[in-house]
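Asks: Sharing run-v2.txt here; it has compact mmCIF, N, CA and C atoms.
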```txt
# COMPACT_ATOMS: atom_id res chain seq x y z
N GLY A 1 0.80 -1.19 0.00
CA GLY A 1 0.00 0.00 0.00
C GLY A 1 0.85 1.26 0.00
N ARG A 2 0.18 2.37 -0.05
CA ARG A 2 0.85 3.66 -0.04
C ARG A 2 1.32 4.01 1.36
N ARG A 3 2.54 4.49 1.49
CA ARG A 3 3.05 4.88 2.80
C ARG A 3 2.65 6.31 3.09
N MET A 4 2.24 6.53 4.36
CA MET A 4 1.88 7.87 4.76
C MET A 4 3.15 8.69 5.01
N LYS A 5 3.19 9.90 4.50
CA LYS A 5 4.36 10.75 4.69
C LYS A 5 4.40 11.21 6.14
N ARG A 6 5.53 11.02 6.78
CA ARG A 6 5.68 11.42 8.17
C ARG A 6 5.95 12.92 8.20
N THR A 7 5.11 13.67 8.94
CA THR A 7 5.28 15.12 9.00
C THR A 7 6.04 15.55 10.25
N VAL A 8 6.10 14.67 11.25
CA VAL A 8 6.81 14.99 12.49
C VAL A 8 8.03 14.07 12.58
N PRO A 9 9.20 14.63 12.85
CA PRO A 9 10.38 13.77 12.98
C PRO A 9 10.23 12.75 14.10
N ARG A 10 10.79 11.57 13.89
CA ARG A 10 10.72 10.48 14.86
C ARG A 10 11.27 10.92 16.23
N SER A 11 12.33 11.72 16.22
CA SER A 11 12.93 12.17 17.48
C SER A 11 11.96 13.05 18.27
N THR A 12 11.16 13.86 17.58
CA THR A 12 10.17 14.71 18.25
C THR A 12 9.09 13.85 18.88
N LEU A 13 8.65 12.82 18.15
CA LEU A 13 7.65 11.91 18.71
C LEU A 13 8.18 11.21 19.96
N ARG A 14 9.45 10.79 19.90
CA ARG A 14 10.07 10.13 21.05
C ARG A 14 10.08 11.06 22.27
N LYS A 15 10.45 12.32 22.05
CA LYS A 15 10.51 13.29 23.15
C LYS A 15 9.14 13.52 23.76
N LEU A 16 8.11 13.62 22.90
CA LEU A 16 6.74 13.81 23.40
C LEU A 16 6.28 12.62 24.25
N ILE A 17 6.55 11.43 23.75
CA ILE A 17 6.15 10.22 24.48
C ILE A 17 6.91 10.14 25.79
N LYS A 18 8.19 10.43 25.78
CA LYS A 18 9.02 10.41 27.00
C LYS A 18 8.48 11.39 28.04
N LYS A 19 8.05 12.57 27.56
CA LYS A 19 7.56 13.61 28.46
C LYS A 19 6.28 13.17 29.17
N HIS A 20 5.37 12.55 28.41
CA HIS A 20 4.07 12.17 28.95
C HIS A 20 4.04 10.77 29.56
N LYS A 21 4.96 9.92 29.14
CA LYS A 21 5.03 8.54 29.66
C LYS A 21 6.48 8.21 29.97
N PRO A 22 7.06 8.83 31.01
CA PRO A 22 8.49 8.61 31.29
C PRO A 22 8.82 7.17 31.66
N GLN A 23 7.84 6.43 32.18
CA GLN A 23 8.09 5.04 32.58
C GLN A 23 8.18 4.10 31.39
N LEU A 24 7.77 4.59 30.23
CA LEU A 24 7.77 3.76 29.02
C LEU A 24 9.16 3.64 28.45
N ARG A 25 9.58 2.42 28.17
CA ARG A 25 10.89 2.17 27.57
C ARG A 25 10.68 1.81 26.11
N LEU A 26 11.05 2.72 25.23
CA LEU A 26 10.89 2.46 23.79
C LEU A 26 12.20 1.95 23.22
N ALA A 27 12.12 0.83 22.54
CA ALA A 27 13.32 0.30 21.87
C ALA A 27 13.69 1.25 20.74
N ALA A 28 14.96 1.24 20.39
CA ALA A 28 15.45 2.15 19.35
C ALA A 28 14.70 1.96 18.04
N ASN A 29 14.28 0.74 17.75
CA ASN A 29 13.61 0.47 16.48
C ASN A 29 12.10 0.34 16.62
N SER A 30 11.55 0.71 17.78
CA SER A 30 10.11 0.56 17.97
C SER A 30 9.35 1.49 17.04
N ASP A 31 8.20 1.05 16.63
CA ASP A 31 7.40 1.85 15.70
C ASP A 31 6.53 2.81 16.51
N LEU A 32 6.89 4.08 16.49
CA LEU A 32 6.17 5.08 17.27
C LEU A 32 4.76 5.29 16.75
N LEU A 33 4.59 5.20 15.43
CA LEU A 33 3.24 5.37 14.89
C LEU A 33 2.30 4.28 15.39
N GLU A 34 2.83 3.07 15.52
CA GLU A 34 2.03 1.97 16.04
C GLU A 34 1.65 2.24 17.50
N PHE A 35 2.60 2.74 18.29
CA PHE A 35 2.34 3.08 19.68
C PHE A 35 1.25 4.14 19.77
N ILE A 36 1.37 5.17 18.95
CA ILE A 36 0.39 6.26 18.97
C ILE A 36 -0.97 5.75 18.53
N PHE A 37 -1.00 4.92 17.49
CA PHE A 37 -2.26 4.36 17.01
C PHE A 37 -2.96 3.58 18.11
N PHE A 38 -2.23 2.70 18.80
CA PHE A 38 -2.85 1.90 19.85
C PHE A 38 -3.25 2.75 21.05
N SER A 39 -2.53 3.82 21.31
CA SER A 39 -2.91 4.74 22.39
C SER A 39 -4.24 5.42 22.07
N ILE A 40 -4.37 5.87 20.82
CA ILE A 40 -5.62 6.51 20.39
C ILE A 40 -6.76 5.50 20.40
N LEU A 41 -6.48 4.29 19.95
CA LEU A 41 -7.49 3.23 19.94
C LEU A 41 -7.98 2.95 21.36
N LYS A 42 -7.07 2.91 22.32
CA LYS A 42 -7.43 2.65 23.71
C LYS A 42 -8.34 3.76 24.25
N VAL A 43 -8.02 5.01 23.94
CA VAL A 43 -8.85 6.14 24.37
C VAL A 43 -10.24 6.02 23.74
N HIS A 44 -10.28 5.69 22.46
CA HIS A 44 -11.55 5.56 21.75
C HIS A 44 -12.40 4.45 22.36
N LEU A 45 -11.80 3.31 22.65
CA LEU A 45 -12.54 2.20 23.25
C LEU A 45 -13.05 2.55 24.64
N ASN A 46 -12.23 3.24 25.43
CA ASN A 46 -12.68 3.67 26.76
C ASN A 46 -13.87 4.61 26.65
N PHE A 47 -13.83 5.50 25.66
CA PHE A 47 -14.94 6.43 25.44
C PHE A 47 -16.21 5.67 25.06
N LEU A 48 -16.08 4.68 24.18
CA LEU A 48 -17.25 3.88 23.79
C LEU A 48 -17.82 3.11 24.98
N LEU A 49 -16.95 2.58 25.83
CA LEU A 49 -17.41 1.87 27.03
C LEU A 49 -18.14 2.82 27.97
N PHE A 50 -17.61 4.04 28.12
CA PHE A 50 -18.27 5.04 28.96
C PHE A 50 -19.65 5.37 28.41
N LEU A 51 -19.76 5.59 27.08
CA LEU A 51 -21.06 5.90 26.47
C LEU A 51 -22.06 4.77 26.68
N HIS A 52 -21.57 3.55 26.57
CA HIS A 52 -22.44 2.39 26.78
C HIS A 52 -22.95 2.35 28.21
N ARG A 53 -22.06 2.56 29.18
CA ARG A 53 -22.47 2.58 30.59
C ARG A 53 -23.45 3.72 30.86
N LEU A 54 -23.19 4.88 30.27
CA LEU A 54 -24.07 6.03 30.43
C LEU A 54 -25.46 5.73 29.88
N ALA A 55 -25.52 5.12 28.70
CA ALA A 55 -26.80 4.77 28.09
C ALA A 55 -27.56 3.75 28.92
N GLU A 56 -26.85 2.75 29.44
CA GLU A 56 -27.50 1.73 30.29
C GLU A 56 -28.08 2.36 31.55
N GLU A 57 -27.29 3.23 32.19
CA GLU A 57 -27.73 3.88 33.42
C GLU A 57 -28.91 4.82 33.15
N ALA A 58 -28.86 5.55 32.04
CA ALA A 58 -29.96 6.45 31.67
C ALA A 58 -31.24 5.65 31.39
N ARG A 59 -31.07 4.49 30.74
CA ARG A 59 -32.23 3.62 30.46
C ARG A 59 -32.85 3.12 31.76
N THR A 60 -32.00 2.75 32.71
CA THR A 60 -32.49 2.30 34.02
C THR A 60 -33.24 3.42 34.72
N ASN A 61 -32.68 4.64 34.67
CA ASN A 61 -33.35 5.79 35.28
C ASN A 61 -34.72 6.03 34.64
N ALA A 62 -34.79 5.95 33.34
CA ALA A 62 -36.06 6.15 32.63
C ALA A 62 -37.07 5.08 33.05
N PHE A 63 -36.62 3.84 33.13
CA PHE A 63 -37.48 2.72 33.52
C PHE A 63 -38.01 2.93 34.94
N GLU A 64 -37.12 3.34 35.86
CA GLU A 64 -37.53 3.57 37.25
C GLU A 64 -38.54 4.72 37.37
N ASN A 65 -38.46 5.68 36.45
CA ASN A 65 -39.40 6.80 36.43
C ASN A 65 -40.61 6.51 35.56
N LYS A 66 -40.78 5.25 35.18
CA LYS A 66 -41.90 4.80 34.35
C LYS A 66 -42.01 5.59 33.05
N SER A 67 -40.88 5.91 32.48
CA SER A 67 -40.84 6.65 31.22
C SER A 67 -40.39 5.70 30.11
N LYS A 68 -41.08 5.77 28.99
CA LYS A 68 -40.70 4.94 27.85
C LYS A 68 -39.62 5.61 27.01
N ILE A 69 -39.36 6.88 27.30
CA ILE A 69 -38.37 7.66 26.56
C ILE A 69 -37.26 8.08 27.51
N ILE A 70 -36.02 7.94 27.05
CA ILE A 70 -34.88 8.42 27.84
C ILE A 70 -34.78 9.93 27.62
N LYS A 71 -34.99 10.67 28.70
CA LYS A 71 -34.98 12.13 28.62
C LYS A 71 -33.64 12.68 29.09
N PRO A 72 -33.37 13.93 28.75
CA PRO A 72 -32.08 14.52 29.17
C PRO A 72 -31.81 14.39 30.67
N GLU A 73 -32.85 14.56 31.49
CA GLU A 73 -32.64 14.46 32.96
C GLU A 73 -32.22 13.06 33.39
N HIS A 74 -32.66 12.02 32.65
CA HIS A 74 -32.24 10.65 32.96
C HIS A 74 -30.74 10.49 32.68
N THR A 75 -30.28 11.08 31.59
CA THR A 75 -28.87 11.01 31.22
C THR A 75 -28.01 11.83 32.18
N ILE A 76 -28.49 13.00 32.56
CA ILE A 76 -27.73 13.87 33.48
C ILE A 76 -27.57 13.18 34.84
N SER A 77 -28.64 12.59 35.35
CA SER A 77 -28.52 11.90 36.65
C SER A 77 -27.65 10.66 36.53
N ALA A 78 -27.65 10.01 35.36
CA ALA A 78 -26.77 8.86 35.13
C ALA A 78 -25.32 9.31 35.14
N ALA A 79 -25.03 10.45 34.53
CA ALA A 79 -23.66 10.96 34.46
C ALA A 79 -23.12 11.29 35.85
N LYS A 80 -23.99 11.72 36.75
CA LYS A 80 -23.57 12.04 38.12
C LYS A 80 -23.18 10.80 38.90
N VAL A 81 -23.78 9.67 38.56
CA VAL A 81 -23.47 8.40 39.23
C VAL A 81 -22.16 7.83 38.73
N LEU A 82 -21.91 7.96 37.42
CA LEU A 82 -20.68 7.44 36.81
C LEU A 82 -19.58 8.39 37.12
```
As a first step, turn the structure in this file into structure tokens.

Replies:
Amino acid sequence: GRRMKRTVPRSTLRKLIKKHKPQLRLAANSDLLEFIFFSILKVHLNFLLFLHRLAEEARTNAFENKSKIIKPEHTISAAKVL
């Protein structure tokens, strides 16, 4: 496939990662783009899990209030619990 042009030097990426994750030991030949990709993926998955929990809690709140529709107040009270 086509290779993506790197716009940031590898050394700059290393410095950024070192600054934010000093405990991380990167091998000299480690693929920084792969590390960044999996970091972003992890954040995205955590966000999706949070949204799922929020939706479940809001649904429970709506059910307890005998409402067939999840209203903004059900979601707001769910967010306070999470």

Asks: Any idea what the distance is between atom N of Arg14 of chain A and atom N of Val43 of chain A?

Replies: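 Computing the Euclidean distance for atom N of Arg14 of chain A and atom N of Val43 of chain A yields 18.8 Å.
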
Asks: Using all atoms listed in the file for the distances, tell me which of A:Asn61, A:Lys66, A:Thr7, A:Leu54 is nearest to Ala79 of chain A.

Replies: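 Residue with the minimum atom-to-atom distance to Ala79 of chain A: A:Leu54.
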
Asks: Distance atom N of His52 of chain A-atom CA of Leu24 of chain A, one decimal place?

Replies: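 One can read the atom N of His52 of chain A to atom CA of Leu24 of chain A distance as 29.4 Å.
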
Asks: Between A:Ala58, A:Phe35, A:Glu64, A:Arg10, which is the closest to Ile76 of chain A once you count all atoms listed in the file?

Replies: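 Of A:Ala58, A:Phe35, A:Glu64, A:Arg10, the one nearest Ile76 of chain A, counting all atoms listed in the file, is A:Ala58.
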
Asks: Can you work out the spacing between atom CA of Ala78 of chain A and atom C of Glu57 of chain A in Å, to one decimal?

Replies: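 Spanning atom CA of Ala78 of chain A to atom C of Glu57 of chain A is a straight-line distance of 5.0 Å.
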
Asks: With 12 Å as the threshold, what does the neighbourhood of (-26.9, 12.9, 31.0) contain in terms of residues, counting only C-alpha atoms? Coordinates are those of the file; answer as a list in words.

Replies: Phe50, Leu51, Arg53, Leu54, Ala55, Glu56, Glu57, Ala58, Arg59, Asn61, Ala62, Ile70, Lys71, Pro72, Glu73, His74, Thr75, Ile76, Ser77, Ala78, Ala79, Lys80, Val81 and Leu82 of chain A

Asks: Quick one: DSSP alpha helix (DSSP H) residues in chain A, as a ChimeraX atom specification?

Replies: /A:10-20,32-64,72-81
